$ cat run-v2.tsv   # TSV, C-alpha atoms and all ligand atoms
chain	number	residue	atom	x	y	z
A	1	MET	CA	-13.36	63.80	47.71
A	2	ALA	CA	-12.42	62.09	50.95
A	3	GLY	CA	-10.50	64.63	52.97
A	4	ILE	CA	-8.40	67.68	52.17
A	5	PRO	CA	-6.96	67.66	48.61
A	6	LEU	CA	-3.30	66.60	48.65
A	7	SER	CA	-2.16	69.59	46.63
A	8	CYS	CA	-4.02	72.01	48.88
A	9	LYS	CA	-1.22	73.90	50.62
A	10	ASP	CA	-3.13	74.85	53.70
A	11	ARG	CA	-4.10	71.62	55.48
A	12	THR	CA	-7.45	72.85	56.75
A	13	ASN	CA	-10.95	71.63	55.91
A	14	ARG	CA	-11.91	75.21	55.10
A	15	ASP	CA	-9.28	75.55	52.37
A	16	GLY	CA	-10.00	72.01	51.24
A	17	ILE	CA	-13.60	72.98	50.50
A	18	ILE	CA	-12.56	76.07	48.54
A	19	TYR	CA	-10.01	74.00	46.62
A	20	THR	CA	-12.65	71.34	45.88
A	21	LYS	CA	-14.92	74.06	44.51
A	22	ASN	CA	-12.11	75.38	42.31
A	23	LEU	CA	-11.56	71.92	40.85
A	24	GLY	CA	-15.16	71.98	39.67
A	25	LEU	CA	-16.26	69.27	42.11
A	26	SER	CA	-19.38	69.33	44.23
A	27	ALA	CA	-18.86	67.25	47.38
A	28	MET	CA	-16.35	66.66	50.13
A	29	GLU	CA	-16.13	64.11	52.90
A	30	ILE	CA	-14.74	65.50	56.14
A	31	GLN	CA	-12.47	62.87	57.68
A	32	PHE	CA	-12.32	62.22	61.39
A	33	ALA	CA	-9.74	59.47	60.91
A	34	ARG	CA	-6.89	61.59	62.22
A	35	GLY	CA	-8.87	63.22	64.97
A	36	PHE	CA	-12.03	65.18	65.52
A	37	ILE	CA	-12.45	68.84	64.67
A	38	SER	CA	-13.84	71.28	67.22
A	39	GLU	CA	-17.47	72.41	67.22
A	40	GLU	CA	-16.28	75.85	66.16
A	41	GLU	CA	-14.50	74.39	63.15
A	42	ALA	CA	-17.59	72.34	62.28
A	43	GLU	CA	-19.60	75.57	62.19
A	44	GLU	CA	-16.96	77.27	60.06
A	45	VAL	CA	-16.88	74.29	57.69
A	46	LYS	CA	-20.65	74.53	57.29
A	47	ASP	CA	-20.46	78.23	56.45
A	48	VAL	CA	-17.74	77.77	53.84
A	49	ALA	CA	-19.48	74.76	52.29
A	50	ASP	CA	-22.76	76.69	52.06
A	51	LYS	CA	-21.02	79.60	50.38
A	52	CYS	CA	-19.17	77.33	47.93
A	53	ASP	CA	-22.24	75.17	47.33
A	54	ILE	CA	-20.28	72.06	48.29
A	55	GLU	CA	-22.22	69.14	49.74
A	56	LEU	CA	-20.65	67.74	52.90
A	57	PHE	CA	-20.31	64.17	54.11
A	58	ALA	CA	-18.39	62.88	57.10
A	59	HIS	CA	-16.34	59.76	57.79
A	60	ALA	CA	-16.08	58.43	61.35
A	61	PRO	CA	-12.68	57.15	62.57
A	62	TYR	CA	-11.71	53.94	60.74
A	63	TYR	CA	-11.37	51.62	63.68
A	64	ILE	CA	-14.90	50.77	64.65
A	65	ASN	CA	-15.98	47.40	65.98
A	66	LEU	CA	-19.69	47.14	66.56
A	67	THR	CA	-19.50	43.35	66.63
A	68	GLY	CA	-16.80	43.21	69.31
A	69	ASP	CA	-16.95	42.75	73.08
A	70	GLU	CA	-18.64	45.27	75.34
A	71	ARG	CA	-15.58	47.47	75.71
A	72	ASN	CA	-14.97	47.55	71.95
A	73	VAL	CA	-18.58	48.36	71.24
A	74	GLU	CA	-18.72	51.17	73.80
A	75	MET	CA	-15.52	52.70	72.42
A	76	SER	CA	-16.92	52.47	68.88
A	77	LYS	CA	-20.23	53.97	69.90
A	78	GLU	CA	-18.42	56.90	71.46
A	79	LYS	CA	-16.55	57.58	68.19
A	80	ILE	CA	-19.80	57.38	66.26
A	81	ARG	CA	-21.58	59.72	68.71
A	82	LYS	CA	-18.85	62.33	68.32
A	83	SER	CA	-18.87	61.98	64.52
A	84	MET	CA	-22.65	62.31	64.37
A	85	HIS	CA	-22.67	65.32	66.63
A	86	LEU	CA	-20.14	67.17	64.46
A	87	ALA	CA	-21.84	66.04	61.25
A	88	ASP	CA	-25.09	67.43	62.59
A	89	ILE	CA	-23.45	70.83	63.16
A	90	MET	CA	-21.87	70.73	59.68
A	91	GLY	CA	-25.13	69.79	58.02
A	92	ALA	CA	-23.47	66.70	56.51
A	93	LYS	CA	-25.65	64.47	54.38
A	94	VAL	CA	-24.41	61.05	55.61
A	95	VAL	CA	-21.87	59.86	58.18
A	96	THR	CA	-19.90	56.90	56.88
A	97	ILE	CA	-19.03	54.31	59.48
A	98	HIS	CA	-17.09	51.07	59.30
A	99	THR	CA	-18.68	47.97	60.72
A	100	GLY	CA	-16.77	45.39	62.74
A	101	PHE	CA	-14.91	42.10	62.70
A	102	TYR	CA	-16.34	38.60	62.76
A	103	GLY	CA	-13.55	37.49	65.11
A	104	ASN	CA	-14.69	34.09	66.34
A	105	LEU	CA	-18.37	34.91	65.95
A	106	SER	CA	-20.53	33.15	63.42
A	107	LYS	CA	-21.73	35.48	60.65
A	108	LYS	CA	-25.23	35.19	62.04
A	109	LYS	CA	-24.17	36.21	65.53
A	110	ALA	CA	-22.15	39.13	64.12
A	111	MET	CA	-25.24	40.26	62.23
A	112	GLU	CA	-27.36	40.19	65.40
A	113	ARG	CA	-24.83	42.29	67.29
A	114	MET	CA	-24.52	44.77	64.45
A	115	VAL	CA	-28.28	45.23	64.20
A	116	LYS	CA	-28.70	45.56	67.97
A	117	ASN	CA	-25.94	48.13	68.36
A	118	LEU	CA	-26.96	50.22	65.38
A	119	ARG	CA	-30.56	50.23	66.57
A	120	SER	CA	-29.58	51.50	69.98
A	121	LEU	CA	-27.44	54.25	68.41
A	122	ARG	CA	-30.20	55.17	66.00
A	123	ASN	CA	-32.66	55.49	68.90
A	124	GLU	CA	-30.26	57.71	70.80
A	125	PHE	CA	-29.81	60.06	67.85
A	126	LYS	CA	-33.52	60.14	67.18
A	127	LYS	CA	-34.14	61.24	70.77
A	128	GLU	CA	-31.55	63.98	70.38
A	129	GLY	CA	-33.10	65.14	67.13
A	130	ILE	CA	-30.03	64.28	65.05
A	131	GLU	CA	-31.33	63.41	61.63
A	132	VAL	CA	-28.12	62.69	59.68
A	133	PRO	CA	-28.31	59.05	58.60
A	134	MET	CA	-25.56	56.63	59.60
A	135	GLY	CA	-24.08	55.12	56.44
A	136	ILE	CA	-22.50	51.70	56.75
A	137	GLU	CA	-19.82	50.89	54.25
A	138	THR	CA	-19.35	47.74	52.20
A	139	MET	CA	-15.98	46.44	53.39
A	140	GLY	CA	-13.21	45.01	51.23
A	141	LYS	CA	-11.59	42.42	53.49
A	142	LYS	CA	-13.31	39.09	53.86
A	143	GLU	CA	-12.56	38.90	57.60
A	144	VAL	CA	-14.52	42.10	58.16
A	145	PHE	CA	-18.30	42.27	58.50
A	146	GLY	CA	-19.76	44.10	55.51
A	147	SER	CA	-20.40	42.15	52.33
A	148	LEU	CA	-22.94	43.89	50.12
A	149	ASP	CA	-25.62	41.41	51.21
A	150	GLU	CA	-24.87	41.98	54.89
A	151	ILE	CA	-24.96	45.74	54.50
A	152	ILE	CA	-28.31	45.51	52.72
A	153	GLU	CA	-29.73	43.24	55.41
A	154	VAL	CA	-28.67	45.66	58.16
A	155	CYS	CA	-30.22	48.60	56.30
A	156	LYS	CA	-33.46	46.67	55.92
A	157	ARG	CA	-33.55	45.79	59.61
A	158	VAL	CA	-32.44	49.12	61.05
A	159	HIS	CA	-34.61	51.89	59.75
A	160	GLY	CA	-32.70	55.09	59.05
A	161	VAL	CA	-29.36	53.43	58.26
A	162	VAL	CA	-28.21	53.70	54.64
A	163	PRO	CA	-25.59	51.78	52.64
A	164	VAL	CA	-22.33	53.39	51.56
A	165	ILE	CA	-21.50	51.62	48.35
A	166	ASP	CA	-17.74	51.29	48.17
A	167	VAL	CA	-17.50	49.73	44.72
A	168	ALA	CA	-13.76	49.06	45.04
A	169	HIS	CA	-14.39	47.10	48.24
A	170	ILE	CA	-17.18	45.09	46.57
A	171	HIS	CA	-14.85	44.42	43.65
A	172	ALA	CA	-11.97	43.31	45.91
A	173	ARG	CA	-14.12	41.16	48.17
A	174	GLY	CA	-15.56	39.45	45.10
A	175	ASN	CA	-12.11	38.73	43.61
A	176	GLY	CA	-12.54	41.33	40.87
A	177	CYS	CA	-16.26	40.74	40.28
A	178	LEU	CA	-17.09	44.13	38.75
A	179	LYS	CA	-16.11	43.83	35.09
A	180	GLU	CA	-19.08	44.82	32.98
A	181	LYS	CA	-21.84	47.39	33.18
A	182	GLU	CA	-24.19	44.54	34.08
A	183	ASP	CA	-22.07	43.74	37.15
A	184	PHE	CA	-22.54	47.28	38.43
A	185	GLN	CA	-26.20	47.09	37.53
A	186	LYS	CA	-26.55	44.02	39.77
A	187	VAL	CA	-25.19	46.04	42.69
A	188	PHE	CA	-27.80	48.76	42.20
A	189	ASP	CA	-30.54	46.20	41.60
A	190	SER	CA	-29.75	44.44	44.85
A	191	ILE	CA	-30.28	47.63	46.86
A	192	GLN	CA	-33.46	48.60	45.08
A	193	ASP	CA	-35.63	47.26	47.89
A	194	LEU	CA	-34.27	49.99	50.14
A	195	LYS	CA	-36.01	52.58	47.94
A	196	LEU	CA	-33.25	55.14	48.29
A	197	ASN	CA	-33.50	58.45	46.49
A	198	HIS	CA	-29.75	59.02	46.68
A	199	TYR	CA	-26.71	56.72	46.54
A	200	LEU	CA	-23.41	57.48	48.24
A	201	ILE	CA	-20.58	55.78	46.35
A	202	HIS	CA	-16.92	55.49	47.35
A	203	ILE	CA	-14.39	54.94	44.64
A	204	THR	CA	-10.69	54.09	44.31
A	205	GLY	CA	-8.46	51.64	42.49
A	206	VAL	CA	-7.76	48.58	44.60
A	207	LYS	CA	-5.36	45.65	44.82
A	208	TYR	CA	-6.70	42.43	46.25
A	209	ASP	CA	-5.90	38.78	46.85
A	210	LYS	CA	-7.94	35.84	48.08
A	211	GLY	CA	-8.58	37.60	51.40
A	212	GLY	CA	-10.12	40.53	49.55
A	213	GLU	CA	-8.79	44.09	49.66
A	214	MET	CA	-5.05	44.60	50.19
A	215	TYR	CA	-4.62	48.32	49.56
A	216	HIS	CA	-5.94	51.26	47.60
A	217	VAL	CA	-4.17	52.35	44.39
A	218	PRO	CA	-4.98	55.06	41.83
A	219	ILE	CA	-8.01	54.17	39.67
A	220	ARG	CA	-5.86	53.66	36.59
A	221	LYS	CA	-3.62	51.18	38.46
A	222	GLY	CA	-6.57	49.01	39.43
A	223	ASP	CA	-8.55	46.62	37.23
A	224	MET	CA	-12.08	47.90	37.92
A	225	PRO	CA	-13.54	49.58	34.82
A	226	VAL	CA	-14.95	52.76	36.35
A	227	ILE	CA	-16.32	53.93	32.99
A	228	LYS	CA	-18.80	51.01	33.13
A	229	LEU	CA	-20.01	52.20	36.52
A	230	MET	CA	-20.54	55.66	35.07
A	231	GLU	CA	-22.46	54.28	32.10
A	232	CYS	CA	-24.71	52.40	34.48
A	233	ILE	CA	-25.33	55.55	36.53
A	234	VAL	CA	-26.07	57.70	33.49
A	235	GLU	CA	-28.35	55.12	31.88
A	236	ASN	CA	-30.47	54.88	35.00
A	237	ASP	CA	-30.20	58.55	35.87
A	238	TYR	CA	-29.36	57.63	39.47
A	239	ASN	CA	-29.04	60.46	41.98
A	240	ILE	CA	-25.53	59.85	43.28
A	241	THR	CA	-22.56	61.34	45.06
A	242	ILE	CA	-19.18	59.82	44.28
A	243	ILE	CA	-16.40	60.28	46.82
A	244	SER	CA	-12.82	59.51	45.77
A	245	GLU	CA	-10.88	57.53	48.37
A	246	SER	CA	-7.96	57.05	46.02
A	247	PRO	CA	-4.39	57.62	47.22
A	248	ILE	CA	-4.28	60.38	44.59
A	249	LEU	CA	-7.39	61.91	46.04
A	250	GLU	CA	-8.33	64.92	43.93
A	251	HIS	CA	-6.72	63.59	40.74
A	252	ASP	CA	-9.03	60.60	40.80
A	253	ALA	CA	-11.96	62.76	41.91
A	254	VAL	CA	-11.46	64.85	38.77
A	255	TYR	CA	-10.79	61.74	36.69
A	256	SER	CA	-14.08	60.23	37.92
A	257	GLN	CA	-15.89	63.41	36.95
A	258	ILE	CA	-14.32	63.19	33.48
A	259	LEU	CA	-15.45	59.56	33.12
A	260	LEU	CA	-18.96	60.50	34.21
A	261	ASP	CA	-19.03	63.33	31.66
A	262	ARG	CA	-17.74	60.93	29.00
A	263	ALA	CA	-20.49	58.43	29.79
A	264	MET	CA	-23.06	61.22	29.47
A	265	GLU	CA	-21.64	62.22	26.10
A	266	MET	CA	-21.72	58.63	24.87
A	267	LEU	CA	-25.34	58.13	25.84
A	268	LYS	CA	-26.65	61.38	24.43
A	301	ZN	ZN	-14.32	53.96	54.81
$ encode --input "run-v2.tsv" --output "structure tokens" --more "lines below"
Ligand SMILES: [Zn+2]
Amino acid sequence: MAGIPLSCKDRTNRDGIIYTKNLGLSAMEIQFARGFISEEEAEEVKDVADKCDIELFAHAPYYINLTGDERNVEMSKEKIRKSMHLADIMGAKVVTIHTGFYGNLSKKKAMERMVKNLRSLRNEFKKEGIEVPMGIETMGKKEVFGSLDEIIEVCKRVHGVVPVIDVAHIHARGNGCLKEKEDFQKVFDSIQDLKLNHYLIHITGVKYDKGGEMYHVPIRKGDMPVIKLMECIVENDYNITIISESPILEHDAVYSQILLDRAMEMLK
């Protein structure tokens, strides 16, 4: 689940983790979108998550532009550094980061900047002994860097960076391209070269137009057949974590779990 459950009365990450556990879910993404937590809270979050056996992920602030001008890039790097530092304390498994805008750059030029900036960050973290991988997300709007192919290329070129597979974004960017189990299979097949032993997947319903993603909606209000994704996962026995980024956060997290269970039942 991405962030503190909506129906969790106490708006703290600590209670969010306990609530997540009580819903029978196994992972939570700590959001830095509305501000960073303190180092003390990061330590507390780690303790609670360990006790509840909840796997932690982190999401850096949304506005990141690693393809922008020098000032933009430096500001973005600073947000990523802070996110990585806290994620390291929390023992998070991946830090999800957004990419950047093409602006008036060619796609090729944007790619070069992305690779260069991620490499320099990766080298910094390596020196500091921070081992949490940076996860770059497939983005839903066509004006934003981050088609599935671009994300894969970056991961191939920058060792230690992993893809965050936001299936709703892929679906929206491709004008509703994920319809059948085979369509989801193609997504997994295309990242096979990266030889990952775990896939981080973001899920939500989504509305889109010719520019790609417009906004997130509950899974049942969107037209992406999530059950087909689950069938694909079960058939291949992929090691995955699914994070709900739906506007009805925990409801769709639980709904996704139900669909996954249903797919398992069907394929027994
Ligand atoms: Zn995101």
$ atom_distance --input "run-v2.tsv" --atom1 "CA of Asp189 in chain A" --atom2 "CA of Gly100 in chain A"
25.2 Å
$ residues_near_ligand --input "run-v2.tsv" --ligand "ligand ZN 301 (chain A)" --cutoff "8 Å" --atoms "only C-alpha atoms and all ligand atoms" --output "VMD selection string"
chain A and resid 59 62 96 to 98 137 139 166
$ write_last_selection --input "run-v2.tsv" --atoms "C-alpha atoms" --output "CSV table (one decimal), in the coordinates of the input"
chain,number,residue,atom,x,y,z
A,59,HIS,CA,-16.3,59.8,57.8
A,62,TYR,CA,-11.7,53.9,60.7
A,96,THR,CA,-19.9,56.9,56.9
A,97,ILE,CA,-19.0,54.3,59.5
A,98,HIS,CA,-17.1,51.1,59.3
A,137,GLU,CA,-19.8,50.9,54.2
A,139,MET,CA,-16.0,46.4,53.4
A,166,ASP,CA,-17.7,51.3,48.2
$ residues_around --input "run-v2.tsv" --residues "Glu70 in chain A" --least-positions-apart "5" --cutoff "12 Å" --atoms "all atoms listed in the file" --output "VMD selection string"
chain A and resid 65 75 to 77 113 117
$ atom_distance --input "run-v2.tsv" --atom1 "CA of Ile165 in chain A" --atom2 "CA of His251 in chain A"
20.5 Å
$ residues_around --input "run-v2.tsv" --residues "Arg157 in chain A" --least-positions-apart "4" --cutoff "9 Å" --atoms "all atoms listed in the file" --output "list in words"
Val115, Arg119, Ile152, Glu153 and Val161 of chain A
$ write_last_selection --input "run-v2.tsv" --atoms "C-alpha atoms" --output "mmCIF file, in the coordinates of the input"
data_model
loop_
_atom_site.group_PDB
_atom_site.id
_atom_site.type_symbol
_atom_site.label_atom_id
_atom_site.label_comp_id
_atom_site.auth_asym_id
_atom_site.auth_seq_id
_atom_site.Cartn_x
_atom_site.Cartn_y
_atom_site.Cartn_z
ATOM 1 C CA VAL A 115 -28.280 45.230 64.200
ATOM 2 C CA ARG A 119 -30.560 50.230 66.570
ATOM 3 C CA ILE A 152 -28.310 45.510 52.720
ATOM 4 C CA GLU A 153 -29.730 43.240 55.410
ATOM 5 C CA VAL A 161 -29.360 53.430 58.260
#
$ atom_distance --input "run-v2.tsv" --atom1 "CA of Tyr238 in chain A" --atom2 "CA of Phe145 in chain A"
26.8 Å
$ closest_residue --input "run-v2.tsv" --among "A:Ala110, A:Leu23, A:Met84, A:Ala2" --to "Ile258 in chain A" --atoms "only C-alpha atoms"
A:Leu23
$ closest_residue --input "run-v2.tsv" --among "A:Met134, A:Val158, A:Ala253, A:Ile227" --to "Met266 in chain A" --atoms "only C-alpha atoms"
A:Ile227
$ closest_residue --input "run-v2.tsv" --among "A:Leu121, A:Cys155, A:Ile243, A:Val206" --to "Lys82 in chain A" --atoms "only C-alpha atoms"
A:Leu121
$ build_atoms --input "run-v2.tsv" --residues "range 188-215 of chain A" --atoms "N, CA and C atoms" --output "short mmCIF file (atom, residue, chain, number, x, y, z; two decimals), keeping the file's coordinate frame"
data_model
loop_
_atom_site.label_atom_id
_atom_site.label_comp_id
_atom_site.auth_asym_id
_atom_site.auth_seq_id
_atom_site.Cartn_x
_atom_site.Cartn_y
_atom_site.Cartn_z
N PHE A 188 -26.69 47.82 42.00
CA PHE A 188 -27.80 48.76 42.20
C PHE A 188 -29.13 48.01 42.33
N ASP A 189 -29.29 46.96 41.52
CA ASP A 189 -30.54 46.20 41.60
C ASP A 189 -30.74 45.59 42.98
N SER A 190 -29.61 45.13 43.56
CA SER A 190 -29.75 44.44 44.85
C SER A 190 -30.12 45.41 45.98
N ILE A 191 -29.88 46.69 45.79
CA ILE A 191 -30.28 47.63 46.86
C ILE A 191 -31.60 48.33 46.57
N GLN A 192 -32.22 47.94 45.49
CA GLN A 192 -33.46 48.60 45.08
C GLN A 192 -34.55 48.56 46.14
N ASP A 193 -34.60 47.43 46.86
CA ASP A 193 -35.63 47.26 47.89
C ASP A 193 -35.58 48.36 48.94
N LEU A 194 -34.41 48.97 49.10
CA LEU A 194 -34.27 49.99 50.14
C LEU A 194 -34.92 51.31 49.74
N LYS A 195 -35.30 51.39 48.46
CA LYS A 195 -36.01 52.58 47.94
C LYS A 195 -35.30 53.89 48.29
N LEU A 196 -34.03 53.94 48.00
CA LEU A 196 -33.25 55.14 48.29
C LEU A 196 -33.46 56.18 47.20
N ASN A 197 -33.42 57.45 47.56
CA ASN A 197 -33.50 58.45 46.49
C ASN A 197 -32.13 59.07 46.21
N HIS A 198 -31.12 58.54 46.90
CA HIS A 198 -29.75 59.02 46.68
C HIS A 198 -28.78 57.89 47.04
N TYR A 199 -27.72 57.75 46.25
CA TYR A 199 -26.71 56.72 46.54
C TYR A 199 -25.37 57.39 46.83
N LEU A 200 -24.75 57.00 47.93
CA LEU A 200 -23.41 57.48 48.24
C LEU A 200 -22.41 56.39 47.84
N ILE A 201 -21.51 56.75 46.92
CA ILE A 201 -20.58 55.78 46.35
C ILE A 201 -19.15 56.19 46.67
N HIS A 202 -18.35 55.24 47.15
CA HIS A 202 -16.92 55.49 47.35
C HIS A 202 -16.16 54.81 46.23
N ILE A 203 -15.12 55.48 45.77
CA ILE A 203 -14.39 54.94 44.64
C ILE A 203 -12.88 55.07 44.83
N THR A 204 -12.15 54.08 44.34
CA THR A 204 -10.69 54.09 44.31
C THR A 204 -10.26 52.90 43.45
N GLY A 205 -8.99 52.87 43.03
CA GLY A 205 -8.46 51.64 42.49
C GLY A 205 -8.10 50.76 43.67
N VAL A 206 -8.03 49.46 43.46
CA VAL A 206 -7.76 48.58 44.60
C VAL A 206 -6.96 47.36 44.16
N LYS A 207 -6.06 46.92 45.02
CA LYS A 207 -5.36 45.65 44.82
C LYS A 207 -5.94 44.66 45.81
N TYR A 208 -6.07 43.42 45.37
CA TYR A 208 -6.70 42.43 46.25
C TYR A 208 -6.08 41.06 46.04
N ASP A 209 -6.30 40.19 47.01
CA ASP A 209 -5.90 38.78 46.85
C ASP A 209 -7.06 37.93 47.37
N LYS A 210 -6.80 36.69 47.72
CA LYS A 210 -7.94 35.84 48.08
C LYS A 210 -8.62 36.26 49.39
N GLY A 211 -7.95 37.08 50.18
CA GLY A 211 -8.58 37.60 51.40
C GLY A 211 -9.38 38.87 51.14
N GLY A 212 -9.40 39.29 49.88
CA GLY A 212 -10.12 40.53 49.55
C GLY A 212 -9.16 41.69 49.38
N GLU A 213 -9.57 42.86 49.85
CA GLU A 213 -8.79 44.09 49.66
C GLU A 213 -7.41 44.02 50.32
N MET A 214 -6.38 44.44 49.58
CA MET A 214 -5.05 44.60 50.19
C MET A 214 -4.77 46.08 50.44
N TYR A 215 -4.82 46.87 49.39
CA TYR A 215 -4.62 48.32 49.56
C TYR A 215 -5.20 49.09 48.39
#
